[in-house]
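Printed here is query-v4.cif (mmCIF, C-alpha atoms):
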data_work
#
loop_
_atom_site.label_atom_id
_atom_site.label_comp_id
_atom_site.auth_asym_id
_atom_site.auth_seq_id
_atom_site.Cartn_x
_atom_site.Cartn_y
_atom_site.Cartn_z
CA MET A 1 0.00 0.00 0.00
CA LYS A 2 1.23 3.51 -0.78
CA ILE A 3 0.69 5.68 2.28
CA VAL A 4 1.13 9.45 2.44
CA TYR A 5 1.22 11.22 5.79
CA PHE A 6 1.08 15.01 6.13
CA THR A 7 2.68 16.18 9.36
CA HIS A 8 3.88 19.42 10.84
CA SER A 9 7.34 17.88 11.19
CA LEU A 10 8.78 14.39 11.19
CA ARG A 11 12.31 15.56 11.90
CA SER A 12 11.65 17.74 14.93
CA CYS A 13 10.08 16.79 18.24
CA TRP A 14 10.54 20.28 19.73
CA ASN A 15 7.15 20.85 21.40
CA HIS A 16 5.73 18.40 18.86
CA GLY A 17 4.69 15.25 20.66
CA ASN A 18 2.96 13.70 17.65
CA ALA A 19 6.39 13.17 16.10
CA HIS A 20 7.05 10.48 18.72
CA PHE A 21 4.12 8.28 17.78
CA LEU A 22 4.37 9.09 14.10
CA ARG A 23 7.96 7.88 13.87
CA GLY A 24 7.10 4.59 15.52
CA VAL A 25 4.01 3.93 13.42
CA LEU A 26 5.75 4.79 10.14
CA SER A 27 8.68 2.57 11.06
CA GLU A 28 6.28 -0.30 11.64
CA LEU A 29 4.48 0.34 8.34
CA ILE A 30 7.79 0.35 6.46
CA ALA A 31 8.85 -2.87 8.20
CA ARG A 32 5.66 -4.47 6.89
CA GLY A 33 6.52 -3.53 3.32
CA HIS A 34 4.35 -0.47 2.78
CA ASP A 35 5.55 2.44 0.64
CA VAL A 36 5.48 5.36 3.10
CA GLN A 37 5.98 9.00 2.12
CA VAL A 38 5.92 11.91 4.55
CA PHE A 39 5.44 15.57 3.71
CA GLU A 40 5.93 18.61 5.91
CA PRO A 41 5.86 22.35 5.21
CA GLU A 42 8.95 24.43 4.69
CA ALA A 43 9.85 26.50 7.73
CA ALA A 44 7.89 24.30 10.13
CA TRP A 45 7.57 26.07 13.47
CA SER A 46 8.86 23.12 15.52
CA LEU A 47 11.88 22.56 13.28
CA ASP A 48 12.75 26.26 13.14
CA ASN A 49 12.72 26.52 16.94
CA LEU A 50 14.80 23.39 17.36
CA ILE A 51 17.53 24.60 15.01
CA LYS A 52 17.41 28.10 16.44
CA ASP A 53 17.96 26.78 19.96
CA HIS A 54 20.34 23.89 19.31
CA GLY A 55 21.68 24.07 15.77
CA ALA A 56 21.39 21.59 12.91
CA GLY A 57 23.21 18.96 14.96
CA ALA A 58 20.08 18.56 17.06
CA LEU A 59 18.65 16.45 14.21
CA ASP A 60 21.38 13.83 14.54
CA ALA A 61 19.55 11.84 17.23
CA TYR A 62 16.52 11.49 14.97
CA ARG A 63 18.58 10.57 11.91
CA ASN A 64 20.67 8.00 13.80
CA SER A 65 17.67 6.37 15.48
CA TYR A 66 15.37 6.31 12.45
CA PRO A 67 17.54 5.73 9.37
CA GLU A 68 14.57 4.25 7.49
CA LEU A 69 12.52 7.46 7.79
CA SER A 70 12.64 10.54 5.59
CA SER A 71 10.39 13.43 4.66
CA SER A 72 10.01 15.97 1.89
CA THR A 73 8.97 19.59 2.16
CA TYR A 74 6.60 21.75 0.15
CA ALA A 75 6.22 25.53 -0.10
CA ARG A 76 2.53 25.98 -0.98
CA ALA A 77 -0.62 24.13 0.02
CA GLU A 78 -1.49 23.07 -3.53
CA GLU A 79 2.06 21.80 -4.05
CA GLY A 80 1.79 19.71 -0.91
CA ALA A 81 -1.68 18.42 -1.72
CA ALA A 82 -0.52 17.17 -5.12
CA GLN A 83 1.63 14.59 -3.32
CA ALA A 84 -1.53 12.70 -2.41
CA CYS A 85 -2.08 11.69 -6.01
CA GLY A 86 -1.46 8.01 -6.56
CA ALA A 87 -1.67 7.10 -2.87
CA ASP A 88 -3.87 4.38 -1.43
CA LEU A 89 -4.12 5.96 2.01
CA VAL A 90 -3.59 9.60 3.00
CA ILE A 91 -3.51 10.73 6.63
CA MET A 92 -3.63 14.39 7.55
CA HIS A 93 -2.48 15.41 11.02
CA GLU A 94 -4.46 18.20 12.67
CA TRP A 95 -1.39 20.39 13.18
CA ASN A 96 -1.40 21.43 9.52
CA ASP A 97 -2.46 24.56 7.71
CA PRO A 98 -6.21 24.71 6.95
CA GLU A 99 -5.39 25.46 3.31
CA LEU A 100 -3.53 22.15 2.98
CA VAL A 101 -6.34 20.27 4.74
CA ALA A 102 -8.86 21.73 2.31
CA ALA A 103 -6.68 21.23 -0.76
CA VAL A 104 -6.23 17.52 -0.12
CA GLY A 105 -9.96 17.24 0.51
CA ARG A 106 -10.66 18.83 -2.86
CA LEU A 107 -8.50 16.21 -4.56
CA ARG A 108 -10.50 13.48 -2.83
CA ALA A 109 -13.81 15.14 -3.81
CA ARG A 110 -12.76 15.37 -7.45
CA GLY A 111 -12.38 11.62 -7.69
CA GLY A 112 -9.21 10.87 -5.78
CA ARG A 113 -9.09 7.12 -5.23
CA PHE A 114 -7.26 7.28 -1.92
CA THR A 115 -8.77 6.80 1.51
CA LEU A 116 -8.45 10.10 3.38
CA LEU A 117 -8.28 10.27 7.18
CA PHE A 118 -7.89 13.21 9.58
CA HIS A 119 -5.68 12.48 12.61
CA ASP A 120 -6.40 14.51 15.76
CA THR A 121 -3.98 14.22 18.69
CA HIS A 122 -4.68 17.42 20.60
CA HIS A 123 -7.26 19.07 22.82
CA ARG A 124 -8.11 21.94 20.46
CA ALA A 125 -11.46 20.37 19.64
CA VAL A 126 -12.53 21.47 23.13
CA SER A 127 -10.03 24.23 23.95
CA ALA A 128 -10.35 26.03 20.60
CA PRO A 129 -13.32 24.43 18.81
CA GLN A 130 -13.69 27.35 16.41
CA GLU A 131 -10.22 26.56 15.04
CA MET A 132 -11.02 22.90 14.49
CA ARG A 133 -14.46 23.56 13.02
CA ALA A 134 -12.76 25.85 10.49
CA TYR A 135 -11.08 22.86 8.88
CA ASP A 136 -12.87 21.71 5.74
CA LEU A 137 -13.19 17.97 6.30
CA SER A 138 -16.24 17.51 4.08
CA ALA A 139 -14.43 15.14 1.70
CA TYR A 140 -12.61 13.15 4.39
CA ASP A 141 -13.54 9.52 4.87
CA GLY A 142 -12.96 9.40 8.60
CA VAL A 143 -11.30 10.82 11.70
CA LEU A 144 -8.68 9.16 13.88
CA ALA A 145 -9.09 10.52 17.43
CA PHE A 146 -6.54 9.71 20.11
CA GLY A 147 -9.13 9.00 22.77
CA ALA A 148 -12.78 8.10 23.19
CA THR A 149 -13.74 11.43 24.75
CA LEU A 150 -12.29 13.25 21.74
CA ALA A 151 -14.06 10.84 19.40
CA ARG A 152 -17.36 11.77 21.06
CA VAL A 153 -16.73 15.43 20.20
CA TYR A 154 -16.51 14.48 16.52
CA GLU A 155 -19.60 12.31 16.88
CA ARG A 156 -21.49 15.37 18.10
CA TRP A 157 -20.17 17.21 15.06
CA GLY A 158 -21.86 14.66 12.83
CA TRP A 159 -19.15 12.11 12.11
CA GLY A 160 -21.14 9.22 13.58
CA ASP A 161 -19.49 5.88 12.92
CA ARG A 162 -16.77 7.48 10.81
CA VAL A 163 -14.69 8.58 13.80
CA PHE A 164 -12.35 5.98 15.27
CA VAL A 165 -10.40 5.85 18.52
CA TRP A 166 -6.70 5.48 17.74
CA HIS A 167 -4.61 5.92 20.86
CA GLU A 168 -0.93 6.70 20.84
CA ALA A 169 1.47 3.91 21.75
CA ALA A 170 5.11 3.05 22.39
CA ASP A 171 7.70 2.38 19.73
CA ILE A 172 9.28 -0.62 21.44
CA ARG A 173 12.04 -0.85 18.86
CA ARG A 174 13.54 2.20 20.56
CA PHE A 175 11.68 2.44 23.86
CA HIS A 176 12.58 -0.56 25.99
CA PRO A 177 14.43 -1.31 29.24
CA PRO A 178 18.22 -1.03 29.11
CA GLU A 179 20.10 -4.12 28.04
CA ARG A 180 22.33 -3.67 31.07
CA GLU A 181 21.13 -2.02 34.25
CA GLN A 182 23.15 0.91 35.55
CA ASP A 183 23.04 2.83 38.79
CA ARG A 184 19.79 4.74 39.07
CA GLU A 185 19.25 7.88 41.08
CA GLY A 186 16.42 10.30 41.66
CA LEU A 187 13.52 11.31 39.48
CA VAL A 188 13.26 12.44 35.90
CA TRP A 189 10.43 14.39 34.33
CA ILE A 190 10.24 15.01 30.58
CA GLY A 191 7.63 17.56 29.66
CA ASN A 192 7.10 21.07 28.37
CA TRP A 193 5.95 23.94 30.56
CA GLY A 194 3.34 24.89 28.00
CA ASP A 195 0.84 27.70 28.31
CA GLY A 196 -0.11 27.55 31.95
CA GLU A 197 -2.14 24.37 31.44
CA ARG A 198 -0.51 22.60 34.40
CA SER A 199 1.76 25.13 36.12
CA ASN A 200 0.17 24.66 39.55
CA GLU A 201 0.01 20.90 39.10
CA ILE A 202 3.74 20.73 38.34
CA VAL A 203 4.44 22.36 41.67
CA GLU A 204 1.92 20.26 43.61
CA PHE A 205 2.61 16.86 42.07
CA LEU A 206 6.26 17.10 41.04
CA LEU A 207 8.39 19.83 42.56
CA GLU A 208 7.14 19.78 46.16
CA PRO A 209 6.89 15.96 46.44
CA ALA A 210 10.36 15.40 44.95
CA ARG A 211 11.87 17.85 47.43
CA ASN A 212 9.88 16.48 50.37
CA ALA A 213 10.78 12.88 49.51
CA GLY A 214 14.46 13.78 49.27
CA LEU A 215 14.77 12.74 45.63
CA PRO A 216 16.93 14.74 43.21
CA LEU A 217 14.90 15.80 40.17
CA ASP A 218 16.01 16.29 36.58
CA ILE A 219 13.60 18.11 34.25
CA HIS A 220 13.75 18.14 30.45
CA GLY A 221 11.52 20.18 28.16
CA VAL A 222 11.03 23.44 26.32
CA ARG A 223 9.03 26.65 26.59
CA TYR A 224 10.04 27.27 30.21
CA PRO A 225 9.86 31.04 30.79
CA SER A 226 12.27 32.71 33.21
CA ALA A 227 9.73 32.65 36.02
CA ALA A 228 9.25 28.89 35.59
CA LYS A 229 13.01 28.30 35.65
CA ARG A 230 13.24 30.29 38.86
CA THR A 231 10.49 28.13 40.35
CA LEU A 232 12.40 24.97 39.44
CA GLU A 233 15.52 26.39 41.05
CA GLU A 234 13.65 27.30 44.22
CA TYR A 235 12.61 23.68 44.63
CA GLY A 236 16.08 22.33 43.87
CA ALA A 237 15.16 20.79 40.51
CA ARG A 238 17.80 20.69 37.79
CA TYR A 239 16.52 22.05 34.49
CA ARG A 240 18.25 20.27 31.61
CA GLY A 241 16.47 21.86 28.65
CA TRP A 242 15.37 20.13 25.48
CA ILE A 243 16.06 16.43 25.02
CA ALA A 244 15.70 14.56 21.76
CA ASN A 245 12.92 12.04 22.14
CA ALA A 246 15.24 9.34 20.83
CA ALA A 247 17.45 9.97 23.88
CA ALA A 248 14.63 9.59 26.40
CA PRO A 249 15.14 5.83 27.01
CA HIS A 250 18.72 6.48 28.12
CA GLU A 251 17.49 9.17 30.50
CA PHE A 252 14.79 6.93 31.92
CA ALA A 253 17.40 4.20 32.51
CA ALA A 254 19.42 6.53 34.73
CA HIS A 255 16.62 7.32 37.19
CA LEU A 256 14.61 5.46 39.82
CA ALA A 257 11.20 6.70 38.75
CA THR A 258 9.26 9.27 36.75
CA VAL A 259 6.05 11.24 37.23
CA HIS A 260 3.10 11.95 34.96
CA VAL A 261 1.45 15.36 35.30
CA PRO A 262 -1.41 15.56 32.80
CA ARG A 263 -2.48 18.85 31.32
CA ARG A 264 -5.73 20.20 32.72
CA PHE A 265 -7.70 19.56 29.53
CA TYR A 266 -6.96 15.83 29.88
CA THR A 267 -8.28 15.69 33.41
CA GLU A 268 -11.30 18.00 33.21
CA VAL A 269 -12.59 17.99 29.63
CA LEU A 270 -11.00 15.05 27.77
CA PRO A 271 -10.50 12.38 30.46
CA GLY A 272 -9.13 9.02 29.49
CA ILE A 273 -6.27 10.26 27.30
CA PRO A 274 -2.87 9.64 28.92
CA THR A 275 -0.69 11.12 26.11
CA ILE A 276 2.46 9.56 24.72
CA ARG A 277 4.84 9.91 27.67
CA VAL A 278 2.99 7.35 29.79
CA PHE A 279 3.29 4.73 27.06
CA GLU A 280 6.96 5.52 26.46
CA ALA A 281 7.95 5.53 30.12
CA LEU A 282 6.27 2.20 30.88
CA ALA A 283 7.84 0.69 27.77
CA CYS A 284 11.25 1.63 29.17
CA GLY A 285 10.57 -0.20 32.43
CA ILE A 286 10.72 2.80 34.75
CA PRO A 287 8.30 3.03 37.68
CA LEU A 288 5.77 5.81 37.21
CA VAL A 289 3.56 7.74 39.61
CA SER A 290 0.75 9.83 38.15
CA ALA A 291 -1.24 12.81 39.25
CA PRO A 292 -4.97 12.03 38.98
CA TRP A 293 -6.67 11.37 35.66
CA GLU A 294 -9.52 9.05 34.77
CA ASP A 295 -8.50 5.90 32.90
CA SER A 296 -12.04 5.62 31.54
CA GLU A 297 -11.02 3.29 28.71
CA HIS A 298 -9.16 0.89 31.02
CA LEU A 299 -5.93 1.19 29.08
CA PHE A 300 -3.87 0.22 32.11
CA ARG A 301 -4.11 -1.58 35.44
CA VAL A 302 -3.95 1.42 37.73
CA GLY A 303 -2.15 0.48 40.94
CA GLU A 304 -0.26 -2.31 39.18
CA ASP A 305 1.20 -0.78 36.01
CA PHE A 306 1.73 2.57 37.74
CA LEU A 307 0.60 4.35 40.87
CA MET A 308 -2.00 7.11 40.77
CA VAL A 309 -2.31 9.54 43.67
CA PRO A 310 -5.01 12.08 44.55
CA SER A 311 -2.86 14.81 46.10
CA GLY A 312 0.59 16.23 46.48
CA ALA A 313 0.91 14.72 49.94
CA ALA A 314 0.04 11.29 48.55
CA MET A 315 2.60 11.82 45.79
CA THR A 316 5.26 12.50 48.41
CA ARG A 317 4.40 9.27 50.21
CA ALA A 318 4.41 7.27 46.97
CA LEU A 319 7.78 8.65 45.91
CA ALA A 320 9.24 7.92 49.35
CA ASP A 321 7.95 4.33 49.08
CA LEU A 322 9.58 3.94 45.68
CA LYS A 323 12.82 5.42 46.95
CA ASN A 324 13.00 2.90 49.81
CA ASP A 325 11.43 -0.22 48.25
CA PRO A 326 13.34 -1.88 45.38
CA ALA A 327 10.74 -4.67 45.20
CA LEU A 328 7.95 -2.14 44.62
CA ARG A 329 9.98 -0.49 41.87
CA ALA A 330 10.60 -3.85 40.21
CA GLN A 331 6.95 -4.88 40.42
CA LEU A 332 5.69 -1.67 38.86
CA ALA A 333 8.30 -1.75 36.10
CA ALA A 334 7.49 -5.35 35.18
CA SER A 335 3.73 -4.87 35.23
CA GLY A 336 3.78 -1.67 33.19
CA LEU A 337 6.08 -3.22 30.61
CA GLU A 338 3.82 -6.27 30.36
CA THR A 339 0.77 -4.13 29.58
CA ILE A 340 2.60 -2.08 26.97
CA ARG A 341 3.86 -5.14 25.15
CA ALA A 342 0.47 -6.83 25.30
CA ARG A 343 -1.70 -3.88 24.19
CA HIS A 344 0.05 -0.62 23.43
CA THR A 345 2.83 -0.91 20.87
CA CYS A 346 3.03 0.79 17.49
CA ALA A 347 2.54 -2.66 15.97
CA HIS A 348 -0.85 -2.86 17.71
CA ARG A 349 -1.77 0.55 16.35
CA VAL A 350 -0.81 -0.41 12.80
CA ASP A 351 -3.07 -3.45 13.09
CA GLU A 352 -5.86 -1.13 14.24
CA LEU A 353 -5.18 1.30 11.41
CA MET A 354 -5.40 -1.41 8.77
CA SER A 355 -8.72 -2.55 10.24
CA ILE A 356 -10.05 1.03 10.21
CA VAL A 357 -9.01 1.53 6.59
CA GLU A 358 -10.83 -1.65 5.58
CA ARG A 359 -13.98 -0.47 7.36
CA VAL A 360 -13.88 2.94 5.72
CA ARG A 361 -13.13 1.56 2.27
CA ALA A 362 -15.65 -1.28 2.33
CA PRO A 363 -18.78 0.70 1.33
CA VAL A 364 -16.90 2.25 -1.61
CA LEU A 365 -15.77 -1.13 -2.83
CA GLU A 366 -19.27 -2.59 -2.48
CA SER A 367 -20.88 0.25 -4.41
CA ALA A 368 -18.27 -0.05 -7.14
CA ALA A 369 -19.09 -3.72 -7.48
#
Just give me the structure as structure tokens.
Amino acid sequence: MKIVYFTHSLRSCWNHGNAHFLRGVLSELIARGHDVQVFEPEAAWSLDNLIKDHGAGALDAYRNSYPELSSSTYARAEEGAAQACGADLVIMHEWNDPELVAAVGRLRARGGRFTLLFHDTHHRAVSAPQEMRAYDLSAYDGVLAFGATLARVYERWGWGDRVFVWHEAADIRRFHPPEREQDREGLVWIGNWGDGERSNEIVEFLLEPARNAGLPLDIHGVRYPSAAKRTLEEYGARYRGWIANAAAPHEFAAHLATVHVPRRFYTEVLPGIPTIRVFEALACGIPLVSAPWEDSEHLFRVGEDFLMVPSGAAMTRALADLKNDPALRAQLAASGLETIRARHTCAHRVDELMSIVERVRAPVLESAA
């Protein structure tokens, strides 16, 4: 099958979490013999910021870890849309220009023989619905939503049985426990400061508990304003800046545990969506403690695969337990890894994607017959 994916950036993961999952899924598709082509706009915001902050060498980790992947750029929406011609399956990520989204849809409406899916991996459908409703998806065959609560938003918008839940997952070719264990110390947190979506929660569920439990804390991420950096310093956390996602497994392997602090939209408005870091951390065999969120789709065995706590005080106690109990750390690491390998790998998601494509294509094939 010839598959075309339109992304904001394949090369850069600077504040672009979809790149994590995308790389793993495309790698799996290529390994299965599919012809995969990826297109991204020139001057992509994520890529520009990465190179501005860290230079062109910042792309080396991606290139070295994913030698089978490549992408091409386009300057104008119509130029990019033309790349869909001749494809069997086209997937459009939501972090793309509305002009491109519409242009590819026009090709499909004019008789394009490809299956066309819209891939939504963000909370804008509830945080900025006017932006999402501005996309012209009238010619799209279906929507891939990265959680059931997001899928229900599209159902209310009239998509009915043409919206499909397609969760993110771990790329276990790269995200796995270390071949040889090394000394582990303290906590690591990999996450961006963002736009105030979890500033208070980071203090309550990460900075204060780490300090109170006596655990050194390393923090990686971008978009930390000066005031946020001062806050980290006040609590004794060490801010390490951006880290290439391909380097995250090595960082996980050097620490005793990690913490998940979901953004507010994923606790209050779109519950049930854990985002990619939970999958990646568990795949690496590191114990994880999470601030509260509702696992409404039963993706994990809460309390076995990871610990979930209701408050900062409970987080402190859980981190202290992990610090002092090697058996607890080992049990959580083994259980979380077991669930990832059984249910949440990029290979599982490719299987799901192929099933979705068959469901979307089936009526067309029947009518043609």
Quick one: pull the distance between CA of Tyr74 (chain A) and CA of Glu99 (chain A), Å, one decimal.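 Between CA of Tyr74 (chain A) and CA of Glu99 (chain A) the gap is 12.9 Å.
Remark: for Trp14 (chain A), the closest of the candidate residues A:Pro271, A:Gly241, A:Pro310, A:Pro262 is A:Gly241 (distances computed over all atoms listed in the file).
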Expand the PyMOL selection byres ((chain A and resi 15) around 7) into the individual residues it matches in the shown file, reporting them as a list in words.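 Given this file, the PyMOL selection byres ((chain A and resi 15) around 7) evaluates to Cys13, Trp14, His16, Gly17, Ser46, Asn192 and Val222 of chain A.
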With all atoms listed in the file as the counted atoms, please give the residues lying no more than 12 Å from Leu332 (chain A), apart from itself and same-chain residues fewer than 2 positions off, as a ChimeraX atom specification. /A:256-258,281-289,300-308,322,325-330,334-339
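Residues surrounding Asp136 (chain A) within 12 Å are Met92, Glu94, Asp97, Pro98, Glu99, Leu100, Val101, Ala102, Ala103, Val104, Gly105, Arg106, Ala109 and Phe118 of chain A [all atoms listed in the file; sequence separation below 6 positions excluded].
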Serialized selection, C-alpha atoms, as a PDB file, in the frame of the given file:
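Saved the output as out-v6.pdb:
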ATOM      1  CA  MET A  92      -3.630  14.390   7.550  1.00  0.00           C
ATOM      2  CA  GLU A  94      -4.460  18.200  12.670  1.00  0.00           C
ATOM      3  CA  ASP A  97      -2.460  24.560   7.710  1.00  0.00           C
ATOM      4  CA  PRO A  98      -6.210  24.710   6.950  1.00  0.00           C
ATOM      5  CA  GLU A  99      -5.390  25.460   3.310  1.00  0.00           C
ATOM      6  CA  LEU A 100      -3.530  22.150   2.980  1.00  0.00           C
ATOM      7  CA  VAL A 101      -6.340  20.270   4.740  1.00  0.00           C
ATOM      8  CA  ALA A 102      -8.860  21.730   2.310  1.00  0.00           C
ATOM      9  CA  ALA A 103      -6.680  21.230  -0.760  1.00  0.00           C
ATOM     10  CA  VAL A 104      -6.230  17.520  -0.120  1.00  0.00           C
ATOM     11  CA  GLY A 105      -9.960  17.240   0.510  1.00  0.00           C
ATOM     12  CA  ARG A 106     -10.660  18.830  -2.860  1.00  0.00           C
ATOM     13  CA  ALA A 109     -13.810  15.140  -3.810  1.00  0.00           C
ATOM     14  CA  PHE A 118      -7.890  13.210   9.580  1.00  0.00           C
TER      15      PHE A 118
END
For His348 (chain A), which of A:Glu168, A:Gly158, A:Ser138, A:Ile3 is the closest residue, counting only C-alpha atoms?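 Among the listed residues, A:Glu168 lies closest to His348 (chain A).
Here CA of Asp88 (chain A) and CA of Phe114 (chain A) stand 4.5 Å from one another.
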Please provide as a list of chain:residue names all residues within 8 Å of Gly214 (chain A), with the sequence filter that same-chain residues fewer than 3 positions apart are discarded (counting all atoms listed in the file). A:Ala210, A:Arg211, A:Ala320
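Note that the spacing between CA of Thr275 (chain A) and CA of Phe252 (chain A) amounts to 17.1 Å.
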Answer key for the PyMOL selection byres ((chain A and resi 176) around 8), residues as a ChimeraX atom specification: /A:172-175,177-178,249,283-285
Would you translate the PyMOL selection byres ((chain A and resi 142-151) around 6) into the concrete set of residues it matches in this file, as a list in words? Leu117, Phe118, His119, Asp120, Thr121, Tyr140, Asp141, Arg152, Val153, Tyr154, Arg162, Val163, Phe164, Val165, Trp166, His167, Leu270 and Ile273 of chain A
Under the rule that all atoms listed in the file are counted, which of A:Arg108, A:Ser226, A:Leu299, A:Ser27 is the nearest residue to Ala342 (chain A)?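 Selected residue with least distance to Ala342 (chain A): A:Leu299.
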I'd like the contact shell of Trp189 (chain A) - 8 Å cut-off, all atoms listed in the file, skipping same-chain residues fewer than 2 positions apart - returned as a list of chain:residue names. A:Leu187, A:Gly191, A:Leu217, A:Asp218, A:Ile219, A:His220, A:Thr258, A:Val259, A:His260
Minimum-distance residue to Ile51 (chain A), chosen among A:Val126, A:Trp242, A:Leu69, A:Leu215 (using only C-alpha atoms): A:Trp242
